[in-house]
Amino acid sequence: MKLKTFKLGGVHPPENKKTADIPVVPVDIPKRVSVIMSQHLGVPAVPVVEKGDKVKVGTLIGEAKGFISANIHSPVSGTVFKVDGVTDATGYRKDAVIINVEGDDWEEKIDKSETLLKEIKLSPEEIIQRIKDSGIVGMGGAAFPTHVKYMFPEGKTADTLVINGVECEPYLTSDHRVMLEKPDEILVGVSIMMKAGKVDRAKIGIETNKPDAINVLSEKAKDYPGIEVVPLKVQYPQGAEKQLIKALLNREIPSGKLPLDVGCIVNNIGTAFAIYEAVQKNKPLIERVVTLTGKGLKKGGNFLVRIGIPAKNLLEKLGEEIPENTGKMISGGPMMGKAINHLDIPVTKGTSGIVLMSEEESKRNIIQNCIRCSKCVSVCPMGLEPYLLEKLAEKDMFEECEKEAIVDCIECGSCSYTCPSSRQLLDHIRYGKQNVMRIMRERRQQ
Amino acid sequence: MNPVILYSVGVLALIAAGSAIILYFVAKKFKVDEDPRIGEVTEILPGANCGGCGFPGCSGFATALVKGADKGDISGLACPPGGNETMTAVGEFLGLTVEESAPTTAVVRCNGTKAKAPSKLTYEGPTKCAIAHTLFSGENSCPHGCLGLGDCVDACDFEAIYMDEETGLPVVIPDKCTSCGACVRACPRDIIEIRPRGRKDRRVWVACMNEEKGPIPMKNCKVTCIGCAKCFDVCPPVANAITMGNNLAFIDGDKCIACGKCIVVCPTTAILATFEPPKPKPKPVTEEKEASEVKK
Amino acid sequence: MSNKLIVSLSPHEKGELSVEKVMWGVVIALMPSFAISVYTFGFDAIKVVLLSVVFCVGIEFLIQKFMLKSETTILDGSAAITGILLAFNVPSNIPWWQLLAGSVVAIGISKMAFGGLGKNPFNPALVGRAFMLASFPVEMTTWPVPFSNIWSPATDAITAATPLGRLAEGGVKALGALTDPPVEAVDYIDIFIGKVGGSLGEISAAAILIGGLYMLYKKIITWHIPVFYLLSLAGFSGLLWIIDPSKYADPLFHLLAGGAMLGAWFMATDLVTSPMSVKGQIIFAVLGGLLCGAIRIYGSYPEGCSYSILIMNAFVPLIDKYSKPKRFGKEVNYG
């Protein structure tokens with residue numbers, strides 16, 4: 001039987017999933033953590049604690065501000081050292097709550113037991129409120145506040161919940177390990193989300209390079225009504241929400257619209273696990289699985305990390321040093337991740353992995369003239385013309401960029417990956433897209 | 001004569017005459033009545049079409065000037081490249097008096113050279129400050145400092161700014177600078193400012209934009225402003241040109257009397273000037289010392 | 001970690017494609033045709049191809065180093081391809097200085113004057129050929145007899161007409177007397193394999209086909225342009241042949257004879273001068289094939305392939321503007 005996939009574009013970067021078989025180990029809690037207040041898309045949270053306040057694991061330390069925002073809870077117990085700026089991954093300073101750690105006391109309301117709780121006692125509205133209170137955001141890397149996806153505007157409904165178990169980025173294996181180690185919890189979480197979104201069917205998409213995860217989840221899903229596990233072809237960017245909905249349901253989201261406009265809610269499979277813990281165990285989002293990998297490391301690994309712990313602690317837990325010829329360090333995957341300036345950055349809710357790349361892999365090739373080979377056009381999953389958008393953006397011709405639908409770009413990087421002349425296509429397209437969105441915003445305000 | 005030639009010439013002549021007549025009537029019917037003064041004012045203007053006045057091109061500015069003249073007031077309008085000469089000539093033509101404005105120039109308010117703010121990272125990407133600014137804080141990790149990729153140099157139409165390869169910072173040539181503001185708009189970090197040139201070309205400015213508390217930017221740059229306010233203390237009351245805000249000092253170019261006292265007292269040499277500041281007077285031998293000599 | 005960390009925007013990985021791989025892949029695909037031309041024309045073939053490549057690469061090097069004072073890009077293989085293709089478009093007994101003139105026009109005027117690789121609107125090899133045909137009509141249309149003078153340079157222009165030449169002069173009836181010694185009827189196997197006269201590269205349809213299939217396998221070109229060009233040419237000539245077989249040659253002959261195969265597989269598919277979307281490429285190829293047939297049958301030239309491609313090159317920006325690729329988000333299938 002032919003595997004399902006999206007039809008337009010796509011590339012096949014080498015998978016390099018060398019940490020797929022390594023079980024998750026927790027990282028030791030250091031003496032001090034820095035919890036950044038903007039760990040999600042939208043407005044950063046506002047700190048609600050001050051220097052000297054005592055906190056426990058799960059105490060609210062940052063309150064959501066505005067509609068698209070999320071709460072932040074303390075990942076450790078101890079005393080607040082200060083509320084100050086911290087240099088984040090990009091070298092810019094962001095507000096953070098810095099806590100000196102004392103012990104590991106959890107808030108009383110949190111159920112720390114490992115027993116599986118299958119019965120969903122809350123109503124849909126209560127579930128959405130619990131997701132909001134627990135500060136759940138998308139765990140795939142974009143960190144969009146999850147409760148917003150379930151608060152449907154007037155007149156819109158959904159008929160399918162789509163769960164992204166694809167993990168199409170090379171190197172990353174955190175979702176894979178969560179699927180293997182906590183399959184029942186995930187499926188209960190999916191059932192909770194189905195109840196919250198008032199849908200009666202869910203489809204979990206998993207790429208065929210994770211056959212063990214497909215088997216485990218397919219077996220267990222038989223006990224959960226309405227949940228179907230669908231194997232998908234290995235192709236990047238299979239995990240992008242527009243491409244995932246096309247592959248699973250053959251529906252295409254029109255330009256400028258959202259998944260809800262084609263009746264879908266899309267969430268990452270790690271988010272499903274976080275929702276299980278939030279709804280059944282009253283545990284807010286304070287830790288996540290992070291992959292540490294790279295060709296230079298002997299083994300690499302998958303770690304359960306409390307947010308706020310510096311990334312270098314993962315390396316310490318692994319017991320290795322930064323490889324000698326490291327050229328670049330990436331937070332996230334190599335196709336869409338951010339290059340970080342140093343390893344002291346604190347882990348956030350959206351950090352899915354840390355990849356250490358060697359110098360040869362990191363250096364960009366010399367840029368040559370565009371040879372009009374149209375390979376960028378053939379790999380673009382959104383059907384755009386990257387060579388044209390690059391040319392227009394370079395010349396600051398933003399009206400023409402808008403006509404060429406530059407805002408449809410999902411920034412997957414397939415075009416830059418493929419270009420034989422090593423042109424910096426996505427860099428310029430991103431610049432053009434930011435300016436076009438600014439112009440559109442200004443136009444709306446007038 | 002060959003009838004073919006006759007016919008060809010005749011037909012072509014007819015077509016030409018017919019077109020001329022049609023064009024004459026069309027030109028008359030669709031003629032745009034423009035105030036003739038607009039054309040004359042456009043002639044007086046420099047013709048650089050730089051947009052420094054805030055209007056689209058010199059003819060756009062001329063239209064605004066004529067409209068203002070009809071109301072009797074052109075006080076808010078100025079042509080930076082033309083300067084006082086041009087505005088006086090325009091005023092004469094339109095029959096209005098024009099106030100003379102002080103000459104200005106663009107000033108780069110960052111002194112984080114490659115030596116003083118060494119680079120800790122290597123940037124690979126398009127040579128465009130607007131793009132690098134969205135990626136990270138900069139090769140020297142100062143989030144407010146100059147990225148050195150030259151968007152300001154590309155924006156200038158008058159070749160009045162160039163990149164110094166040794167320092168990694170842009171340098172303005174004040175005599176060529178027309179204060180049109182293109183470099184100010186191009187800089188994503190608002191490092192460039194249009195400031196008065198000062199009497200006898202003496203001007204002082206704080207060459208730093210960093211708003212962090214002292215120890216933090218010092219990790220990245222040796223000549224950062226740490227917000228100690230020593231300059232604020234020493235600025236003479238007659239000028240009162242320095243204000244402190246967000247750990248950063250700011251010198252008001254209109255109020256500054258260019259005495260140079262703040263330059264000397266700044267512990268990080270974050271304040272720059274176009275002239276040598278007066279050296280502080282050596283302390284006179286005190287009575288204490290004479291007394292101690294007597295004790296011996 | 002001794003050096004400073006590198007910081008850049010995503011993506012941080014790069015695929016394997018490079019300009020060099022694409023260009024040298026085309027050169028490899030041209031090797032079967034080169035082998036056949038050496039077999040047929042001997043030492044002259046090697047001389048002409050080698051000279052052409054040296055001239056083209058040399059002119060690009062000189063222009064880049066001394067006129068533009070910029071980096072030299074001769075190693076990327078594009079000048080070499082132009083050299084080989086230009087050589088394939090001329091008879092093997094062409095004087096060297098005419099080849100030099102053609103190279104100067106091909107590289108200097110039609111490629112470097114527009115900005116170098118990727119900026120030329122017309123196929124450089126075809127521009128060179130068109131220039132040479134207009135400037136040196138006699139030498140460009142005087143072909144040597146195949147399989148004579150294999151290993152010694154041609155002394156005098158002992159000529160033989162090409163199959164298309166015969167067709168143009170004498171109509172369908174003259175399609176005998178192609179090979180030496182002449183045979184009664186046109187032997188399709190001969191013009192498929194290449195045992196006929198003509199320019200260096202156009203004689204063997206089989207060799208070109210092998211090269212074309214190699215390029216498809218390596219994903220250097222897509223199948224749309226060659227297939228639609230040849231189909232369109234065959235369709236147009238076939239229609240006329242059905243109407244009056246005594247006046248028009250059959251479509252198979254049109255496909256195999258002359259430069260149609262070379263043009264369809266190597267000239268029309270030139271990455272720089274062909275449209276960017278599949279829809280555009282099909283339009284480009286279909287119109288090109290029609291033009292080729294029209295020039296051959298109704299025009300005064302025996303061979304229309306190069307002009308058809310040059311004319312379509314001029315239309316490529318217009319085709320690109322109006323045939324955009326399919327965008328995501330049109331097949332909603334919901335509501």
# chains A, B, ... in the order shown; residues from 1 in each chain; ligands from 1
call {"tool": "residues_around", "arguments": {"residues": "Arg306 of chain A", "least_positions_apart": "5", "cutoff": "12 Å", "atoms": "only C-alpha atoms", "output": "PDB file with N, CA and C atoms, in the first residue's frame"}}
result
ATOM      1  N   VAL A  25      17.058   9.926  30.347  1.00  0.00           N
ATOM      2  CA  VAL A  25      17.539   9.995  31.739  1.00  0.00           C
ATOM      3  C   VAL A  25      17.318  11.412  32.255  1.00  0.00           C
ATOM      4  N   PRO A  26      16.976  11.559  33.547  1.00  0.00           N
ATOM      5  CA  PRO A  26      16.773  12.913  34.061  1.00  0.00           C
ATOM      6  C   PRO A  26      18.118  13.586  34.338  1.00  0.00           C
ATOM      7  N   VAL A  27      18.137  14.902  34.164  1.00  0.00           N
ATOM      8  CA  VAL A  27      19.345  15.679  34.432  1.00  0.00           C
ATOM      9  C   VAL A  27      19.271  16.179  35.869  1.00  0.00           C
ATOM     10  N   ASP A  28      20.403  16.146  36.584  1.00  0.00           N
ATOM     11  CA  ASP A  28      20.407  16.612  37.972  1.00  0.00           C
ATOM     12  C   ASP A  28      20.091  18.091  38.033  1.00  0.00           C
ATOM     13  N   ILE A  29      19.401  18.457  39.116  1.00  0.00           N
ATOM     14  CA  ILE A  29      19.009  19.857  39.263  1.00  0.00           C
ATOM     15  C   ILE A  29      20.209  20.638  39.784  1.00  0.00           C
ATOM     16  N   PRO A  30      20.594  21.732  39.130  1.00  0.00           N
ATOM     17  CA  PRO A  30      21.764  22.494  39.581  1.00  0.00           C
ATOM     18  C   PRO A  30      21.410  23.374  40.759  1.00  0.00           C
ATOM     19  N   ARG A  32      21.240  26.671  40.665  1.00  0.00           N
ATOM     20  CA  ARG A  32      20.486  27.867  40.277  1.00  0.00           C
ATOM     21  C   ARG A  32      19.897  27.659  38.899  1.00  0.00           C
ATOM     22  N   VAL A  33      18.647  28.091  38.729  1.00  0.00           N
ATOM     23  CA  VAL A  33      18.025  28.014  37.400  1.00  0.00           C
ATOM     24  C   VAL A  33      17.546  29.398  36.996  1.00  0.00           C
ATOM     25  N   SER A  34      17.504  29.651  35.691  1.00  0.00           N
ATOM     26  CA  SER A  34      16.987  30.922  35.159  1.00  0.00           C
ATOM     27  C   SER A  34      15.814  30.604  34.248  1.00  0.00           C
ATOM     28  N   VAL A  35      14.622  31.037  34.664  1.00  0.00           N
ATOM     29  CA  VAL A  35      13.424  30.725  33.883  1.00  0.00           C
ATOM     30  C   VAL A  35      13.049  31.963  33.085  1.00  0.00           C
ATOM     31  N   VAL A  57       8.110  23.468  43.482  1.00  0.00           N
ATOM     32  CA  VAL A  57       7.937  23.008  42.105  1.00  0.00           C
ATOM     33  C   VAL A  57       6.465  23.143  41.744  1.00  0.00           C
ATOM     34  N   GLY A  58       6.165  23.901  40.712  1.00  0.00           N
ATOM     35  CA  GLY A  58       4.781  24.069  40.281  1.00  0.00           C
ATOM     36  C   GLY A  58       4.160  25.380  40.718  1.00  0.00           C
ATOM     37  N   HIS A  73       5.549  28.268  35.375  1.00  0.00           N
ATOM     38  CA  HIS A  73       5.613  27.766  36.745  1.00  0.00           C
ATOM     39  C   HIS A  73       7.046  27.433  37.117  1.00  0.00           C
ATOM     40  N   SER A  74       7.322  27.469  38.401  1.00  0.00           N
ATOM     41  CA  SER A  74       8.682  27.220  38.847  1.00  0.00           C
ATOM     42  C   SER A  74       9.027  25.744  38.675  1.00  0.00           C
ATOM     43  N   PRO A  75      10.197  25.442  38.108  1.00  0.00           N
ATOM     44  CA  PRO A  75      10.588  24.037  37.919  1.00  0.00           C
ATOM     45  C   PRO A  75      11.306  23.465  39.138  1.00  0.00           C
ATOM     46  N   VAL A  76      11.637  24.327  40.100  1.00  0.00           N
ATOM     47  CA  VAL A  76      12.415  23.868  41.261  1.00  0.00           C
ATOM     48  C   VAL A  76      11.800  24.456  42.525  1.00  0.00           C
ATOM     49  N   SER A  77      12.305  23.981  43.681  1.00  0.00           N
ATOM     50  CA  SER A  77      11.868  24.611  44.915  1.00  0.00           C
ATOM     51  C   SER A  77      13.057  25.373  45.491  1.00  0.00           C
ATOM     52  N   ASP A 104      13.781  19.646  46.739  1.00  0.00           N
ATOM     53  CA  ASP A 104      12.934  19.370  45.583  1.00  0.00           C
ATOM     54  C   ASP A 104      11.499  19.176  46.059  1.00  0.00           C
ATOM     55  N   PRO A 284       1.827  21.242  36.250  1.00  0.00           N
ATOM     56  CA  PRO A 284       2.044  22.221  35.164  1.00  0.00           C
ATOM     57  C   PRO A 284       3.293  21.856  34.359  1.00  0.00           C
ATOM     58  N   LEU A 285       3.493  22.574  33.242  1.00  0.00           N
ATOM     59  CA  LEU A 285       4.608  22.250  32.362  1.00  0.00           C
ATOM     60  C   LEU A 285       5.900  22.801  32.963  1.00  0.00           C
ATOM     61  N   ILE A 286       6.729  21.916  33.500  1.00  0.00           N
ATOM     62  CA  ILE A 286       7.978  22.376  34.100  1.00  0.00           C
ATOM     63  C   ILE A 286       9.184  21.585  33.627  1.00  0.00           C
ATOM     64  N   GLU A 287       8.988  20.575  32.806  1.00  0.00           N
ATOM     65  CA  GLU A 287      10.132  19.817  32.313  1.00  0.00           C
ATOM     66  C   GLU A 287       9.783  19.236  30.949  1.00  0.00           C
ATOM     67  N   ARG A 288      10.829  18.867  30.211  1.00  0.00           N
ATOM     68  CA  ARG A 288      10.585  18.268  28.897  1.00  0.00           C
ATOM     69  C   ARG A 288      11.780  17.406  28.507  1.00  0.00           C
ATOM     70  N   VAL A 289      11.591  16.587  27.463  1.00  0.00           N
ATOM     71  CA  VAL A 289      12.672  15.730  26.975  1.00  0.00           C
ATOM     72  C   VAL A 289      13.450  16.505  25.917  1.00  0.00           C
ATOM     73  N   VAL A 290      14.772  16.556  26.065  1.00  0.00           N
ATOM     74  CA  VAL A 290      15.642  17.262  25.127  1.00  0.00           C
ATOM     75  C   VAL A 290      16.688  16.283  24.607  1.00  0.00           C
ATOM     76  N   ALA A 311      22.001  24.602  29.200  1.00  0.00           N
ATOM     77  CA  ALA A 311      22.194  23.491  28.268  1.00  0.00           C
ATOM     78  C   ALA A 311      23.490  22.748  28.550  1.00  0.00           C
ATOM     79  N   ASN A 313      24.589  21.710  31.212  1.00  0.00           N
ATOM     80  CA  ASN A 313      24.415  20.638  32.196  1.00  0.00           C
ATOM     81  C   ASN A 313      24.079  19.317  31.517  1.00  0.00           C
ATOM     82  N   LEU A 314      23.468  19.368  30.345  1.00  0.00           N
ATOM     83  CA  LEU A 314      23.174  18.130  29.635  1.00  0.00           C
ATOM     84  C   LEU A 314      24.479  17.472  29.212  1.00  0.00           C
ATOM     85  N   PRO A 346      19.545  28.862  29.138  1.00  0.00           N
ATOM     86  CA  PRO A 346      18.650  27.958  29.854  1.00  0.00           C
ATOM     87  C   PRO A 346      17.702  27.247  28.892  1.00  0.00           C
ATOM     88  N   VAL A 347      17.383  25.989  29.221  1.00  0.00           N
ATOM     89  CA  VAL A 347      16.421  25.219  28.427  1.00  0.00           C
ATOM     90  C   VAL A 347      15.047  25.850  28.612  1.00  0.00           C
ATOM     91  N   THR A 348      14.280  25.936  27.527  1.00  0.00           N
ATOM     92  CA  THR A 348      12.933  26.487  27.624  1.00  0.00           C
ATOM     93  C   THR A 348      11.927  25.425  27.206  1.00  0.00           C
ATOM     94  N   LYS A 349      10.635  25.790  27.261  1.00  0.00           N
ATOM     95  CA  LYS A 349       9.585  24.824  26.927  1.00  0.00           C
ATOM     96  C   LYS A 349       9.678  24.381  25.476  1.00  0.00           C
ATOM     97  N   GLY A 350      10.295  25.213  24.619  1.00  0.00           N
ATOM     98  CA  GLY A 350      10.331  24.883  23.198  1.00  0.00           C
ATOM     99  C   GLY A 350      11.643  24.266  22.738  1.00  0.00           C
ATOM    100  N   THR A 351      12.571  24.004  23.657  1.00  0.00           N
ATOM    101  CA  THR A 351      13.876  23.441  23.253  1.00  0.00           C
ATOM    102  C   THR A 351      13.728  21.953  23.023  1.00  0.00           C
TER     103      THR A 351
END
call {"tool": "select_by_dssp", "arguments": {"residues": "segment 201-269 of chain A", "states": "helix (DSSP H, G or I)", "output": "ChimeraX atom specification"}}
result
/A:211-221,241-249,259-262,269
call {"tool": "write_last_selection", "arguments": {"atoms": "N, CA and C atoms", "output": "PDB file, in the first residue's frame"}}
result
ATOM      1  N   PRO A 211       9.602   2.574  13.269  1.00  0.00           N
ATOM      2  CA  PRO A 211       8.656   1.445  13.234  1.00  0.00           C
ATOM      3  C   PRO A 211       8.263   0.962  14.621  1.00  0.00           C
ATOM      4  N   ASP A 212       9.211   1.034  15.598  1.00  0.00           N
ATOM      5  CA  ASP A 212       8.864   0.565  16.944  1.00  0.00           C
ATOM      6  C   ASP A 212       7.773   1.436  17.554  1.00  0.00           C
ATOM      7  N   ALA A 213       7.864   2.751  17.347  1.00  0.00           N
ATOM      8  CA  ALA A 213       6.830   3.642  17.889  1.00  0.00           C
ATOM      9  C   ALA A 213       5.485   3.379  17.228  1.00  0.00           C
ATOM     10  N   ILE A 214       5.510   3.159  15.913  1.00  0.00           N
ATOM     11  CA  ILE A 214       4.257   2.884  15.196  1.00  0.00           C
ATOM     12  C   ILE A 214       3.618   1.621  15.757  1.00  0.00           C
ATOM     13  N   ASN A 215       4.453   0.582  15.979  1.00  0.00           N
ATOM     14  CA  ASN A 215       3.885  -0.672  16.482  1.00  0.00           C
ATOM     15  C   ASN A 215       3.294  -0.512  17.862  1.00  0.00           C
ATOM     16  N   VAL A 216       4.069   0.102  18.756  1.00  0.00           N
ATOM     17  CA  VAL A 216       3.599   0.232  20.147  1.00  0.00           C
ATOM     18  C   VAL A 216       2.304   1.022  20.202  1.00  0.00           C
ATOM     19  N   LEU A 217       2.292   2.174  19.537  1.00  0.00           N
ATOM     20  CA  LEU A 217       1.105   3.019  19.626  1.00  0.00           C
ATOM     21  C   LEU A 217      -0.090   2.383  18.909  1.00  0.00           C
ATOM     22  N   SER A 218       0.167   1.731  17.756  1.00  0.00           N
ATOM     23  CA  SER A 218      -0.963   1.100  17.050  1.00  0.00           C
ATOM     24  C   SER A 218      -1.610   0.045  17.920  1.00  0.00           C
ATOM     25  N   GLU A 219      -0.775  -0.785  18.599  1.00  0.00           N
ATOM     26  CA  GLU A 219      -1.309  -1.821  19.480  1.00  0.00           C
ATOM     27  C   GLU A 219      -2.168  -1.211  20.569  1.00  0.00           C
ATOM     28  N   LYS A 220      -1.589  -0.234  21.262  1.00  0.00           N
ATOM     29  CA  LYS A 220      -2.287   0.339  22.415  1.00  0.00           C
ATOM     30  C   LYS A 220      -3.500   1.158  21.984  1.00  0.00           C
ATOM     31  N   ALA A 221      -3.451   1.731  20.790  1.00  0.00           N
ATOM     32  CA  ALA A 221      -4.563   2.586  20.366  1.00  0.00           C
ATOM     33  C   ALA A 221      -5.848   1.799  20.174  1.00  0.00           C
ATOM     34  N   GLU A 241       2.426  21.753   9.895  1.00  0.00           N
ATOM     35  CA  GLU A 241       1.011  21.416  10.086  1.00  0.00           C
ATOM     36  C   GLU A 241       0.231  21.388   8.774  1.00  0.00           C
ATOM     37  N   LYS A 242       0.528  22.288   7.843  1.00  0.00           N
ATOM     38  CA  LYS A 242      -0.219  22.277   6.584  1.00  0.00           C
ATOM     39  C   LYS A 242       0.043  20.997   5.799  1.00  0.00           C
ATOM     40  N   GLN A 243       1.309  20.585   5.786  1.00  0.00           N
ATOM     41  CA  GLN A 243       1.662  19.382   5.050  1.00  0.00           C
ATOM     42  C   GLN A 243       1.097  18.139   5.760  1.00  0.00           C
ATOM     43  N   LEU A 244       1.079  18.170   7.102  1.00  0.00           N
ATOM     44  CA  LEU A 244       0.586  17.014   7.843  1.00  0.00           C
ATOM     45  C   LEU A 244      -0.903  16.809   7.602  1.00  0.00           C
ATOM     46  N   ILE A 245      -1.668  17.907   7.599  1.00  0.00           N
ATOM     47  CA  ILE A 245      -3.114  17.789   7.352  1.00  0.00           C
ATOM     48  C   ILE A 245      -3.351  17.297   5.924  1.00  0.00           C
ATOM     49  N   LYS A 246      -2.544  17.752   4.987  1.00  0.00           N
ATOM     50  CA  LYS A 246      -2.692  17.293   3.604  1.00  0.00           C
ATOM     51  C   LYS A 246      -2.421  15.803   3.517  1.00  0.00           C
ATOM     52  N   ALA A 247      -1.381  15.341   4.220  1.00  0.00           N
ATOM     53  CA  ALA A 247      -1.027  13.929   4.132  1.00  0.00           C
ATOM     54  C   ALA A 247      -2.093  13.054   4.776  1.00  0.00           C
ATOM     55  N   LEU A 248      -2.588  13.479   5.964  1.00  0.00           N
ATOM     56  CA  LEU A 248      -3.512  12.609   6.694  1.00  0.00           C
ATOM     57  C   LEU A 248      -4.942  12.686   6.169  1.00  0.00           C
ATOM     58  N   LEU A 249      -5.381  13.909   5.808  1.00  0.00           N
ATOM     59  CA  LEU A 249      -6.799  14.073   5.466  1.00  0.00           C
ATOM     60  C   LEU A 249      -7.018  14.560   4.039  1.00  0.00           C
ATOM     61  N   PRO A 259      -5.628  25.844  10.677  1.00  0.00           N
ATOM     62  CA  PRO A 259      -6.152  24.478  10.610  1.00  0.00           C
ATOM     63  C   PRO A 259      -7.637  24.402  10.959  1.00  0.00           C
ATOM     64  N   LEU A 260      -8.099  25.267  11.854  1.00  0.00           N
ATOM     65  CA  LEU A 260      -9.506  25.202  12.240  1.00  0.00           C
ATOM     66  C   LEU A 260     -10.416  25.485  11.042  1.00  0.00           C
ATOM     67  N   ASP A 261      -9.909  26.230  10.060  1.00  0.00           N
ATOM     68  CA  ASP A 261     -10.731  26.522   8.879  1.00  0.00           C
ATOM     69  C   ASP A 261     -10.944  25.300   8.010  1.00  0.00           C
ATOM     70  N   VAL A 262     -10.165  24.225   8.205  1.00  0.00           N
ATOM     71  CA  VAL A 262     -10.471  22.963   7.524  1.00  0.00           C
ATOM     72  C   VAL A 262     -10.865  21.911   8.553  1.00  0.00           C
ATOM     73  N   ILE A 269       2.951  15.565  19.675  1.00  0.00           N
ATOM     74  CA  ILE A 269       2.693  14.415  20.538  1.00  0.00           C
ATOM     75  C   ILE A 269       3.273  14.634  21.935  1.00  0.00           C
TER      76      ILE A 269
END
call {"tool": "closest_residue", "arguments": {"among": "B:Gly95, B:Asp73, B:Asn140, B:Met87", "to": "chain C", "atoms": "only C-alpha atoms"}}
result
B:Asn140
call {"tool": "interface_residues", "arguments": {"of": "chain C", "to": "chain B", "cutoff": "10 Å", "atoms": "only C-alpha atoms", "output": "PyMOL selection string"}}
result
chain C and resi 3-10
call {"tool": "write_last_selection", "arguments": {"atoms": "N, CA and C atoms", "output": "mmCIF file, in the first residue's frame"}}
result
data_model
loop_
_atom_site.group_PDB
_atom_site.id
_atom_site.type_symbol
_atom_site.label_atom_id
_atom_site.label_comp_id
_atom_site.auth_asym_id
_atom_site.auth_seq_id
_atom_site.Cartn_x
_atom_site.Cartn_y
_atom_site.Cartn_z
ATOM 1 N N ASN C 3 38.259 27.778 17.346
ATOM 2 C CA ASN C 3 37.759 28.917 16.593
ATOM 3 C C ASN C 3 36.447 29.422 17.168
ATOM 4 N N LYS C 4 36.058 30.608 16.700
ATOM 5 C CA LYS C 4 34.816 31.179 17.189
ATOM 6 C C LYS C 4 33.642 30.396 16.605
ATOM 7 N N LEU C 5 32.568 30.350 17.403
ATOM 8 C CA LEU C 5 31.356 29.685 16.928
ATOM 9 C C LEU C 5 30.777 30.440 15.747
ATOM 10 N N ILE C 6 30.166 29.687 14.835
ATOM 11 C CA ILE C 6 29.526 30.309 13.690
ATOM 12 C C ILE C 6 28.055 30.503 14.016
ATOM 13 N N VAL C 7 27.520 31.675 13.669
ATOM 14 C CA VAL C 7 26.108 31.942 13.893
ATOM 15 C C VAL C 7 25.491 32.296 12.547
ATOM 16 N N SER C 8 24.429 31.627 12.197
ATOM 17 C CA SER C 8 23.742 31.978 10.951
ATOM 18 C C SER C 8 22.283 31.580 11.083
ATOM 19 N N LEU C 9 21.493 32.011 10.097
ATOM 20 C CA LEU C 9 20.080 31.659 10.108
ATOM 21 C C LEU C 9 19.905 30.241 9.590
ATOM 22 N N SER C 10 18.758 29.614 9.920
ATOM 23 C CA SER C 10 18.489 28.257 9.446
ATOM 24 C C SER C 10 18.248 28.289 7.951
#
call {"tool": "closest_residue", "arguments": {"among": "C:Ser300, C:Asn313, C:Asn120, C:Thr82", "to": "chain A", "atoms": "only C-alpha atoms"}}
result
C:Asn120
call {"tool": "interface_residues", "arguments": {"of": "chain B", "to": "chain A", "cutoff": "6 Å", "atoms": "only C-alpha atoms", "output": "PyMOL selection string"}}
result
chain B and resi 136-137+141+143
call {"tool": "write_last_selection", "arguments": {"atoms": "C-alpha atoms", "output": "PDB file, in the first residue's frame"}}
result
ATOM      1  CA  PHE B 136      21.542  37.713  17.081  1.00  0.00           C
ATOM      2  CA  SER B 137      22.994  40.522  19.092  1.00  0.00           C
ATOM      3  CA  SER B 141      27.460  40.262  21.552  1.00  0.00           C
ATOM      4  CA  PRO B 143      22.715  44.035  21.514  1.00  0.00           C
TER       5      PRO B 143
END
